[in-house]
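Peer 1: Shown below is the structure under consideration.
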Amino acid sequence: MQLSDLYRQHVAEMGRRTINALEHTGYEHLLIASGVETCSFLDDRSYPFRANPHFLSWAPLDHHPSSWIVVTPGNKPILIYFQPTDYWHAPPAAPSGDWTECFDVRVIREAAHAAAHFPQKLSNAAIIGDVSAALDGVVPNNPTPLLNRLHMARTRKTPYELALLRHASARGVRGHRAAEAAFRSGASEHQIHLAYCSATDHTDAQLPYENIVALNANSAVLHYHHTPGPSPEHLLSFLIDAGAQVSGYACDITRTYSAHSGAFAELIHAVDEKQRLLVDQMRAGTDYRDLHLNCHHYIGQVLHATGLVDMSPEGQVEREITSVFFPHGLGHFLGIQVHDVAGLQRDEDGGAIPRPPGHPFLRLTRRLEAGNVVTVEPGLYFIPMLLEKLRAGKDARCINWGAVDALSPYGGIRIEDDVLVTDSAPENLTRNAFAEA
Ligand SMILES: [Mn+2]
């Protein structure tokens, strides 16, 4: 099916979800602000614009500040499209494309003119947006019960959203392949980053999140952000966590490479094997918390099998030794937001599903459903700060410190795929995109 047909279906589904949310929460209208461009303090330069994700979930307009969507059950949704007369910047082009057929489009030249297109009576309207989007007495109220329903719905991707996520994966994989080639040729972190941006055809500001491009021990910093500088003299390893987006929908991919064969390359291979095992377990009905805990056992197995830790995997999990080497969550929902909404949400009415005790960074505690898109990203790192605590504790005698110290200059390993959950075998968006590249 063509993307334009999928989009029409998507907007129809968005309409049904909205009516359901309005009915259950007692509102008559839904207004969604795209957001405004905000300048930094005492300056006339704006921060990079990030559209309200609720706005993006309706329309593929990721650089359209001061625009609005108005949904009133029974009427065609209204898109208030801000197209200023502005010769300083390139304003958005006139609305065009198949998607415009899904809206009653109203072009405005001044941001304040949006209010003329709002429903007459707004006392019973839900208004989603950042507080800065307030206009002429219309202040976003972001009702939590309504947001809960819309957020839960967003965890089930429509066929249109899946098509965009697959495109985003293909785009990201082009960058990852270029980045690996740059690494193999001895490029610096910044040069690798530029190769990635060039291959994905993204500027820095268009990336769904800041690229993590780390050589050697820098890869042990979970959210490492490079600055321009020379390459290290001895190239050991390379970790890249980088995404791409299409119409606001992101991929989130991590790969780790060794510069040469040996213990670190074998460790990458072992983590990769466990990562595939975890992806195979993604099924509708599976509790993601169980998968996260399975991952800890797998990391324990790797640490035991490679002789890094002389303790059973079960013992390592119980003594929280695996958490020293794998100190983050297994993954998260993915969509418009890279860490997409409702990962901890109990149901449509809200509430939270607790994280397992001792796992404070897990971003997804739900039972998986068909249509969820989640990341699966086990890691194994040599993080000096955490290792020092282990070295000072009473489990230190179970650690092969010679091997740990020899591997520490390599930093760490993370392997991350984006996976669509179904009732049967999952669809690995990332590995499919690598296979097709
Ligand atoms: Mn991720």
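Labeling convention for the structure tokens: chains A, B, ... as they appear, residues from 1 per chain, ligands from 1 in order of appearance.
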Collect all residues with atoms no farther than 7 Å from ligand 1, counting only C-alpha atoms and all ligand atoms, and output them as a ChimeraX atom specification.
Peer 2: /A:252-253,331-332,375,377,416
Peer 1: How would you write, as an NGL selection string, the set of residues in range 60-189 of chain A that DSSP gives as helix (DSSP H, G or I)?
Peer 2: :A and (98-102 or 111-117 or 131-133 or 144-154 or 159-184 or 189)
Peer 1: Skipping near chain neighbours, those fewer than 6 positions away, what residues fall within 6 Å of Phe333 in chain A using only C-alpha atoms, listed as JSON, numbers by chain?
Peer 2: {"A": [339, 340, 373, 374]}
Peer 1: Could you turn the residues from that selection into a file that holds N, CA and C atoms, as a compact mmCIF listing (two decimals), in the first residue's frame?
Peer 2:
```txt
# COMPACT_ATOMS: atom_id res chain seq x y z
N HIS A 339 12.96 8.06 23.43
CA HIS A 339 12.46 7.34 24.60
C HIS A 339 10.97 7.63 24.62
N ASP A 340 10.20 6.81 23.92
CA ASP A 340 8.80 7.15 23.69
C ASP A 340 7.98 6.96 24.96
N VAL A 373 6.88 -0.93 19.44
CA VAL A 373 8.24 -0.93 18.89
C VAL A 373 9.17 -0.57 20.05
N VAL A 374 10.10 -1.47 20.32
CA VAL A 374 10.97 -1.31 21.49
C VAL A 374 12.42 -1.48 21.07
```
Peer 1: For a quick check of understanding, using only C-alpha atoms, which of A:Val246, A:Met152, A:Leu162, A:Ala187 has the smallest distance to Pro232 in chain A?
Peer 2: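 Using only C-alpha atoms, Pro232 in chain A sits closest to A:Ala187.
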Peer 1: Within 9 Å of Pro119 in chain A, counting only C-alpha atoms, which residues show up once you throw out same-chain ones fewer than 6 positions away? Write them as a ChimeraX atom specification, please.
Peer 2: /A:29,70,72,125
